[in-house]
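Containing TSV, C-alpha atoms and all ligand atoms: coords06.tsv.
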```tsv
chain	number	residue	atom	x	y	z
A	1	MET	CA	-16.00	7.09	-22.77
A	2	ALA	CA	-12.68	7.35	-20.99
A	3	VAL	CA	-12.56	7.30	-17.19
A	4	VAL	CA	-9.69	8.97	-15.35
A	5	PRO	CA	-9.41	8.55	-11.56
A	6	LEU	CA	-8.68	11.87	-9.82
A	7	GLY	CA	-8.50	10.54	-6.25
A	8	GLY	CA	-10.87	10.89	-3.32
A	9	GLY	CA	-13.56	8.86	-5.12
A	10	VAL	CA	-13.80	11.43	-7.96
A	11	TYR	CA	-13.43	10.41	-11.61
A	12	ARG	CA	-13.29	12.44	-14.82
A	13	VAL	CA	-15.41	10.96	-17.59
A	14	GLU	CA	-14.56	12.06	-21.13
A	15	THR	CA	-17.31	11.46	-23.66
A	16	HIS	CA	-17.07	10.85	-27.41
A	17	GLU	CA	-18.58	14.30	-27.96
A	18	ASP	CA	-15.59	15.84	-26.21
A	19	HIS	CA	-17.46	16.70	-23.04
A	20	SER	CA	-15.82	16.08	-19.74
A	21	TYR	CA	-17.80	15.49	-16.56
A	22	SER	CA	-16.77	14.96	-13.00
A	23	VAL	CA	-18.29	11.99	-11.16
A	24	ASP	CA	-18.20	11.76	-7.37
A	25	LEU	CA	-18.91	8.08	-6.85
A	26	PRO	CA	-19.31	7.89	-3.03
A	27	GLY	CA	-21.54	11.01	-3.24
A	28	GLN	CA	-23.40	9.61	-6.31
A	29	ARG	CA	-23.08	12.96	-8.11
A	30	CYS	CA	-22.18	13.94	-11.68
A	31	THR	CA	-21.72	17.38	-13.23
A	32	CYS	CA	-23.60	16.48	-16.46
A	33	PRO	CA	-26.96	18.20	-17.24
A	34	ASP	CA	-28.84	14.90	-17.04
A	35	HIS	CA	-27.86	14.47	-13.45
A	36	GLN	CA	-27.87	18.16	-12.48
A	37	TYR	CA	-31.31	19.02	-13.82
A	38	ARG	CA	-33.15	15.72	-14.03
A	39	GLY	CA	-31.54	14.02	-11.05
A	40	VAL	CA	-31.17	10.70	-12.84
A	41	GLN	CA	-28.51	8.02	-12.38
A	42	CYS	CA	-26.72	9.18	-15.52
A	43	LYS	CA	-24.60	7.06	-17.87
A	44	HIS	CA	-21.41	8.57	-16.45
A	45	LEU	CA	-22.07	7.30	-12.93
A	46	ARG	CA	-22.92	3.91	-14.40
A	47	ARG	CA	-19.80	3.93	-16.54
A	48	VAL	CA	-17.52	4.61	-13.58
A	49	ALA	CA	-19.16	1.77	-11.62
A	50	ILE	CA	-18.63	-0.62	-14.55
A	51	GLU	CA	-14.96	0.36	-14.97
A	52	ILE	CA	-14.37	-0.29	-11.27
A	53	THR	CA	-16.14	-3.66	-11.39
A	54	GLN	CA	-13.96	-4.63	-14.36
A	55	GLU	CA	-10.89	-3.48	-12.40
A	56	ARG	CA	-9.88	-1.03	-15.13
A	57	VAL	CA	-9.79	1.89	-12.69
A	58	PRO	CA	-9.21	1.83	-8.92
A	59	PRO	CA	-12.19	1.94	-6.53
A	60	PRO	CA	-12.60	4.98	-4.24
A	61	GLY	CA	-9.80	5.04	-1.66
A	62	LYS	CA	-7.32	3.24	-3.93
A	63	GLU	CA	-4.91	4.39	-6.61
A	64	VAL	CA	-2.64	2.81	-9.22
A	65	ALA	CA	0.98	2.45	-8.12
A	66	ASP	CA	4.04	0.28	-8.64
A	67	CYS	CA	4.80	-1.88	-5.60
A	68	ALA	CA	7.94	-0.67	-3.80
A	69	VAL	CA	9.09	-4.28	-3.35
A	70	CYS	CA	8.21	-6.22	-6.53
A	71	ALA	CA	7.41	-3.29	-8.90
A	72	THR	CA	4.10	-4.88	-9.93
A	73	GLU	CA	1.44	-2.32	-10.79
A	74	SER	CA	-1.69	-2.67	-8.69
A	75	PHE	CA	-4.39	-0.77	-6.82
A	76	VAL	CA	-3.07	0.30	-3.41
A	77	PRO	CA	-4.59	2.47	-0.65
A	78	GLU	CA	-4.40	6.16	-1.69
A	79	LEU	CA	-1.30	8.08	-0.60
A	80	SER	CA	0.40	5.01	0.83
A	81	ASP	CA	4.15	5.44	1.23
A	82	PRO	CA	5.61	3.03	0.37
A	83	PRO	CA	2.96	1.59	-2.00
A	84	LEU	CA	2.81	-2.19	-1.60
A	85	CYS	CA	0.82	-4.75	-3.59
A	86	ASP	CA	-1.41	-7.29	-1.83
A	87	ASP	CA	1.33	-9.95	-1.93
A	88	CYS	CA	4.04	-7.72	-0.47
A	89	ARG	CA	1.98	-5.68	1.99
A	90	LEU	CA	2.88	-5.88	5.68
A	91	GLU	CA	0.50	-4.27	8.15
A	92	PRO	CA	1.21	-3.05	11.68
A	93	GLY	CA	0.50	-6.02	13.96
A	94	ASP	CA	1.54	-8.67	11.42
A	95	ILE	CA	3.75	-11.36	12.90
A	96	VAL	CA	6.89	-12.20	10.93
A	97	ARG	CA	9.97	-14.34	11.53
A	98	ASP	CA	13.57	-13.17	11.43
A	99	ARG	CA	15.19	-15.55	8.92
A	100	GLU	CA	18.57	-15.19	10.66
A	101	ALA	CA	17.79	-15.65	14.36
A	102	GLY	CA	14.37	-17.30	14.07
A	103	ASP	CA	12.75	-14.76	16.42
A	104	ARG	CA	9.13	-13.81	15.96
A	105	LEU	CA	8.56	-10.10	15.54
A	106	VAL	CA	5.58	-7.79	15.30
A	107	VAL	CA	5.56	-5.26	12.46
A	108	THR	CA	5.05	-1.67	13.59
A	109	ARG	CA	5.76	0.15	10.29
A	110	VAL	CA	7.08	-0.38	6.79
A	111	THR	CA	9.25	2.66	6.09
A	112	PRO	CA	9.75	4.16	2.61
A	113	GLU	CA	13.51	4.17	3.28
A	114	ARG	CA	15.97	1.70	1.80
A	115	ALA	CA	18.50	-0.31	3.84
A	116	ASP	CA	21.42	1.88	2.72
A	117	GLU	CA	19.51	5.08	3.63
A	118	TYR	CA	18.07	4.19	7.01
A	119	VAL	CA	20.56	5.17	9.73
A	120	VAL	CA	20.35	3.61	13.19
A	121	GLU	CA	21.22	6.66	15.29
A	122	ALA	CA	22.60	4.74	18.29
A	123	VAL	CA	25.41	3.20	16.24
A	124	GLY	CA	25.66	5.61	13.30
A	125	GLN	CA	25.31	2.78	10.80
A	126	THR	CA	22.78	2.12	8.09
A	127	ILE	CA	20.72	-1.08	8.12
A	128	ALA	CA	22.74	-2.27	5.10
A	129	ASP	CA	26.00	-1.83	7.10
A	130	PHE	CA	25.06	-4.43	9.72
A	131	GLU	CA	27.03	-7.65	9.22
A	132	THR	CA	23.95	-9.81	9.80
A	133	ASN	CA	22.22	-8.02	6.90
A	134	GLU	CA	25.01	-8.72	4.42
A	135	GLY	CA	23.04	-11.21	2.37
A	136	TYR	CA	20.11	-8.87	1.75
A	137	PRO	CA	19.73	-6.24	-0.96
A	138	THR	CA	21.05	-2.81	0.05
A	139	ASP	CA	17.98	-1.25	-1.57
A	140	ASP	CA	15.63	-3.42	0.51
A	141	LEU	CA	12.85	-1.48	2.22
A	142	VAL	CA	13.31	-1.12	5.98
A	143	VAL	CA	10.67	-2.55	8.32
A	144	GLU	CA	10.34	-1.48	11.95
A	145	VAL	CA	9.38	-4.19	14.43
A	146	VAL	CA	9.25	-5.10	18.09
A	147	TYR	CA	10.01	-8.53	19.53
A	148	LEU	CA	6.84	-10.57	20.04
A	149	GLY	CA	7.44	-11.18	23.75
A	150	ALA	CA	8.13	-7.50	24.40
A	151	ALA	CA	5.02	-6.51	22.46
A	152	ALA	CA	2.92	-8.87	24.60
A	153	ARG	CA	4.26	-7.34	27.82
A	154	ARG	CA	3.38	-3.84	26.55
A	155	ASP	CA	6.24	-2.36	28.58
A	156	ASP	CA	7.31	0.23	26.02
A	157	PRO	CA	9.01	-2.34	23.79
A	158	LYS	CA	12.14	-1.24	21.96
A	159	GLU	CA	11.84	-0.90	18.21
A	160	TYR	CA	14.24	-2.55	15.81
A	161	ALA	CA	14.63	-2.24	12.07
A	162	PHE	CA	15.20	-5.03	9.54
A	163	PRO	CA	15.59	-5.33	5.78
A	164	TYR	CA	12.27	-6.39	4.24
A	165	PHE	CA	13.52	-9.70	2.81
A	166	ARG	CA	15.03	-10.76	6.12
A	167	LEU	CA	11.48	-11.07	7.44
A	168	ASP	CA	9.52	-14.18	6.55
A	169	HIS	CA	5.89	-13.23	6.35
A	170	SER	CA	4.54	-16.51	5.02
A	171	GLU	CA	1.62	-18.02	6.94
A	172	ASP	CA	3.98	-20.46	8.70
A	173	ALA	CA	5.97	-17.56	10.14
A	174	ALA	CA	2.98	-16.41	12.16
A	175	LEU	CA	2.40	-19.82	13.76
A	176	ILE	CA	3.62	-19.84	17.34
A	177	ASP	CA	5.32	-23.14	18.13
E	201	ZN	ZN	-23.44	12.29	-15.73
E	202	ZN	ZN	4.65	-6.36	-4.52
```
Render the structure in this file as structure tokens.
Amino acid sequence: MAVVPLGGGVYRVETHEDHSYSVDLPGQRCTCPDHQYRGVQCKHLRRVAIEITQERVPPPGKEVADCAVCATESFVPELSDPPLCDDCRLEPGDIVRDREAGDRLVVTRVTPERADEYVVEAVGQTIADFETNEGYPTDDLVVEVVYLGAAARRDDPKEYAFPYFRLDHSEDAALID
């Protein structure tokens, strides 16, 4: 049986006999006669659960996508833009360190835009145009941040944007010294 994820926790199961059934995993429903008329936990529901356990298809709420940073294929939250693998993912609230100035910053958003596309309106330049960003790839994703101190004061902190690789998000970066 082949299992094809359709999104929203629904999977299409194609059987050897050329039947195709729709399994709603969170709802524990299947369109096959066994389930419809006899109400049993049919083999299609079981099959979908096995494929998820073996990580051959994404669990409900996730989908297969290439990471926008490292291009590795993995299961990412559905409809995420940009899709990021577990290693590359930055979440709002994560603390990172600016590799250039050493400042600690709080991530507010990872944008789907690249450094040479993202224009800073105030100066009419792209992120890639900034001299301090010279050493970073022009197709780097752009990350919006606020300075840690400003975020702590909660006084409408100003947002800044940085190339992804300028931000150190290793565990050490989050340690406040
Ligand atoms: Zn079934
Ligand atoms: Zn990645």
For segment 38-69 of chain A against segment 75-88 of chain A, with a cut-off of 10 Å and counting only C-alpha atoms, what is the closest atom pair and its distance in Å to one decimal for every residue that makes the cut, ordered by chain and number, as a tab-separated table?
```
residue	atom	partner	partner_atom	distance
A:Glu55	CA	A:Phe75	CA	9.0
A:Arg56	CA	A:Phe75	CA	10.0
A:Val57	CA	A:Phe75	CA	8.4
A:Pro58	CA	A:Phe75	CA	5.9
A:Pro59	CA	A:Phe75	CA	8.3
A:Pro60	CA	A:Glu78	CA	8.7
A:Gly61	CA	A:Glu78	CA	5.5
A:Lys62	CA	A:Pro77	CA	4.3
A:Glu63	CA	A:Phe75	CA	5.2
A:Val64	CA	A:Phe75	CA	4.7
A:Ala65	CA	A:Phe75	CA	6.4
A:Asp66	CA	A:Pro83	CA	6.9
A:Cys67	CA	A:Leu84	CA	4.5
A:Ala68	CA	A:Pro83	CA	5.8
A:Val69	CA	A:Cys88	CA	6.8
```
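Near Thr126 of chain A, within a cut-off of 12 Å and counting all atoms listed in the file, sit the residues Glu113, Arg114, Ala115, Asp116, Glu117, Tyr118, Val119, Val120, Glu121, Ala122, Val123, Gly124, Ala128, Asp129, Phe130, Glu131, Asn133, Glu134, Thr138, Asp139, Asp140, Val142, Ala161, Phe162 and Pro163 of chain A, with same-chain residues fewer than 2 positions away left out.
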Using only C-alpha atoms, please write the residues we just selected to a file, as a compact mmCIF listing (two decimals), in the frame of the given file.
```txt
# COMPACT_ATOMS: atom_id res chain seq x y z
CA GLU A 113 13.51 4.17 3.28
CA ARG A 114 15.97 1.70 1.80
CA ALA A 115 18.50 -0.31 3.84
CA ASP A 116 21.42 1.88 2.72
CA GLU A 117 19.51 5.08 3.63
CA TYR A 118 18.07 4.19 7.01
CA VAL A 119 20.56 5.17 9.73
CA VAL A 120 20.35 3.61 13.19
CA GLU A 121 21.22 6.66 15.29
CA ALA A 122 22.60 4.74 18.29
CA VAL A 123 25.41 3.20 16.24
CA GLY A 124 25.66 5.61 13.30
CA ALA A 128 22.74 -2.27 5.10
CA ASP A 129 26.00 -1.83 7.10
CA PHE A 130 25.06 -4.43 9.72
CA GLU A 131 27.03 -7.65 9.22
CA ASN A 133 22.22 -8.02 6.90
CA GLU A 134 25.01 -8.72 4.42
CA THR A 138 21.05 -2.81 0.05
CA ASP A 139 17.98 -1.25 -1.57
CA ASP A 140 15.63 -3.42 0.51
CA VAL A 142 13.31 -1.12 5.98
CA ALA A 161 14.63 -2.24 12.07
CA PHE A 162 15.20 -5.03 9.54
CA PRO A 163 15.59 -5.33 5.78
```
Considering all atoms listed in the file, return as a PyMOL selection string whatever protein or nucleic-acid residues lie within 10 Å of segment 41-53 of chain A, sequence-local ones (same chain, fewer than 2 positions apart) excluded. chain A and resi 1-5+10-15+20-25+28-36+38-39+55-60
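Distance check against ligand ZN 201 (chain E) using only C-alpha atoms and all ligand atoms: of A:Cys70, A:Leu141, A:Val96, A:Val40, the minimum falls on A:Val40.
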What box, with edges along x, y and z, holds each listed atom of segment 95-108 of chain A when 3 Å is added on every side, and can you state its centre and edge lengths in Å to one decimal, as JSON?
```
{"center_x": 11.2, "center_y": -9.5, "center_z": 12.7, "size_x": 20.8, "size_y": 21.6, "size_z": 13.5}
```
What does the distance from atom ZN of ligand ZN 202 (chain E) to atom CA of Tyr164 of chain A come to in Å, to one decimal? 11.6 Å
Find the distance between atom CA of Pro92 of chain A and atom CA of Ser170 of chain A and write it in Å to one decimal. 15.4 Å
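Of the residues listed (A:Val107, A:Pro26, A:Ser74, A:Ala150), A:Ser74 shows the shortest atom-to-atom separation from ligand ZN 202 (chain E); distances use all atoms listed in the file.
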Please, could N, CA and C atoms be added to segment 10-45 of chain A and the result written as an mmCIF file, keeping the file's coordinate frame?
```cif
data_model
loop_
_atom_site.group_PDB
_atom_site.id
_atom_site.type_symbol
_atom_site.label_atom_id
_atom_site.label_comp_id
_atom_site.auth_asym_id
_atom_site.auth_seq_id
_atom_site.Cartn_x
_atom_site.Cartn_y
_atom_site.Cartn_z
ATOM 1 N N VAL A 10 -13.338 10.611 -6.831
ATOM 2 C CA VAL A 10 -13.800 11.430 -7.960
ATOM 3 C C VAL A 10 -13.127 10.948 -9.255
ATOM 4 N N TYR A 11 -13.924 10.886 -10.315
ATOM 5 C CA TYR A 11 -13.430 10.410 -11.610
ATOM 6 C C TYR A 11 -13.827 11.400 -12.692
ATOM 7 N N ARG A 12 -12.933 11.624 -13.666
ATOM 8 C CA ARG A 12 -13.290 12.440 -14.820
ATOM 9 C C ARG A 12 -13.725 11.509 -15.936
ATOM 10 N N VAL A 13 -14.919 11.769 -16.482
ATOM 11 C CA VAL A 13 -15.410 10.960 -17.590
ATOM 12 C C VAL A 13 -15.392 11.810 -18.843
ATOM 13 N N GLU A 14 -14.652 11.334 -19.853
ATOM 14 C CA GLU A 14 -14.560 12.060 -21.130
ATOM 15 C C GLU A 14 -15.432 11.332 -22.141
ATOM 16 N N THR A 15 -16.372 12.083 -22.729
ATOM 17 C CA THR A 15 -17.310 11.460 -23.660
ATOM 18 C C THR A 15 -16.797 11.569 -25.090
ATOM 19 N N HIS A 16 -17.449 10.810 -25.986
ATOM 20 C CA HIS A 16 -17.070 10.850 -27.410
ATOM 21 C C HIS A 16 -17.297 12.238 -27.994
ATOM 22 N N GLU A 17 -18.261 12.961 -27.427
ATOM 23 C CA GLU A 17 -18.580 14.300 -27.960
ATOM 24 C C GLU A 17 -17.661 15.363 -27.375
ATOM 25 N N ASP A 18 -16.571 14.910 -26.724
ATOM 26 C CA ASP A 18 -15.590 15.840 -26.210
ATOM 27 C C ASP A 18 -16.054 16.620 -24.986
ATOM 28 N N HIS A 19 -17.070 16.111 -24.308
ATOM 29 C CA HIS A 19 -17.460 16.700 -23.040
ATOM 30 C C HIS A 19 -16.672 15.986 -21.949
ATOM 31 N N SER A 20 -16.504 16.695 -20.861
ATOM 32 C CA SER A 20 -15.820 16.080 -19.740
ATOM 33 C C SER A 20 -16.612 16.375 -18.477
ATOM 34 N N TYR A 21 -17.001 15.326 -17.761
ATOM 35 C CA TYR A 21 -17.800 15.490 -16.560
ATOM 36 C C TYR A 21 -17.058 14.913 -15.364
ATOM 37 N N SER A 22 -17.421 15.411 -14.224
ATOM 38 C CA SER A 22 -16.770 14.960 -13.000
ATOM 39 C C SER A 22 -17.781 14.142 -12.192
ATOM 40 N N VAL A 23 -17.407 12.902 -11.902
ATOM 41 C CA VAL A 23 -18.290 11.990 -11.160
ATOM 42 C C VAL A 23 -17.739 11.782 -9.759
ATOM 43 N N ASP A 24 -18.560 12.043 -8.767
ATOM 44 C CA ASP A 24 -18.200 11.760 -7.370
ATOM 45 C C ASP A 24 -18.945 10.483 -7.005
ATOM 46 N N LEU A 25 -18.227 9.370 -7.015
ATOM 47 C CA LEU A 25 -18.910 8.080 -6.850
ATOM 48 C C LEU A 25 -19.493 7.874 -5.458
ATOM 49 N N PRO A 26 -18.712 8.076 -4.372
ATOM 50 C CA PRO A 26 -19.310 7.890 -3.030
ATOM 51 C C PRO A 26 -20.514 8.826 -2.830
ATOM 52 N N GLY A 27 -20.446 10.052 -3.393
ATOM 53 C CA GLY A 27 -21.540 11.010 -3.240
ATOM 54 C C GLY A 27 -22.645 10.816 -4.260
ATOM 55 N N GLN A 28 -22.428 9.882 -5.245
ATOM 56 C CA GLN A 28 -23.400 9.610 -6.310
ATOM 57 C C GLN A 28 -23.823 10.897 -7.023
ATOM 58 N N ARG A 29 -22.805 11.707 -7.425
ATOM 59 C CA ARG A 29 -23.080 12.960 -8.110
ATOM 60 C C ARG A 29 -22.301 13.016 -9.424
ATOM 61 N N CYS A 30 -22.862 13.710 -10.401
ATOM 62 C CA CYS A 30 -22.180 13.940 -11.680
ATOM 63 C C CYS A 30 -22.477 15.364 -12.104
ATOM 64 N N THR A 31 -21.530 15.980 -12.822
ATOM 65 C CA THR A 31 -21.720 17.380 -13.230
ATOM 66 C C THR A 31 -22.466 17.505 -14.561
ATOM 67 N N CYS A 32 -22.902 16.393 -15.158
ATOM 68 C CA CYS A 32 -23.600 16.480 -16.460
ATOM 69 C C CYS A 32 -25.020 17.041 -16.278
ATOM 70 N N PRO A 33 -25.593 17.621 -17.339
ATOM 71 C CA PRO A 33 -26.960 18.200 -17.240
ATOM 72 C C PRO A 33 -28.011 17.164 -16.857
ATOM 73 N N ASP A 34 -27.885 15.955 -17.379
ATOM 74 C CA ASP A 34 -28.840 14.900 -17.040
ATOM 75 C C ASP A 34 -28.986 14.728 -15.545
ATOM 76 N N HIS A 35 -27.830 14.684 -14.894
ATOM 77 C CA HIS A 35 -27.860 14.470 -13.450
ATOM 78 C C HIS A 35 -28.225 15.745 -12.704
ATOM 79 N N GLN A 36 -27.657 16.881 -13.157
ATOM 80 C CA GLN A 36 -27.870 18.160 -12.480
ATOM 81 C C GLN A 36 -29.332 18.574 -12.491
ATOM 82 N N TYR A 37 -29.960 18.456 -13.671
ATOM 83 C CA TYR A 37 -31.310 19.020 -13.820
ATOM 84 C C TYR A 37 -32.399 17.977 -13.723
ATOM 85 N N ARG A 38 -32.087 16.736 -14.058
ATOM 86 C CA ARG A 38 -33.150 15.720 -14.030
ATOM 87 C C ARG A 38 -32.963 14.740 -12.877
ATOM 88 N N GLY A 39 -31.771 14.843 -12.237
ATOM 89 C CA GLY A 39 -31.540 14.020 -11.050
ATOM 90 C C GLY A 39 -31.482 12.523 -11.303
ATOM 91 N N VAL A 40 -31.186 12.140 -12.540
ATOM 92 C CA VAL A 40 -31.170 10.700 -12.840
ATOM 93 C C VAL A 40 -29.779 10.105 -12.613
ATOM 94 N N GLN A 41 -29.746 8.791 -12.428
ATOM 95 C CA GLN A 41 -28.510 8.020 -12.380
ATOM 96 C C GLN A 41 -27.983 8.031 -13.808
ATOM 97 N N CYS A 42 -27.135 8.991 -14.134
ATOM 98 C CA CYS A 42 -26.720 9.180 -15.520
ATOM 99 C C CYS A 42 -25.753 8.086 -15.982
ATOM 100 N N LYS A 43 -25.467 8.103 -17.299
ATOM 101 C CA LYS A 43 -24.600 7.060 -17.870
ATOM 102 C C LYS A 43 -23.161 7.192 -17.389
ATOM 103 N N HIS A 44 -22.792 8.380 -16.908
ATOM 104 C CA HIS A 44 -21.410 8.570 -16.450
ATOM 105 C C HIS A 44 -21.171 7.863 -15.114
ATOM 106 N N LEU A 45 -22.152 8.021 -14.209
ATOM 107 C CA LEU A 45 -22.070 7.300 -12.930
ATOM 108 C C LEU A 45 -22.035 5.793 -13.183
#
```
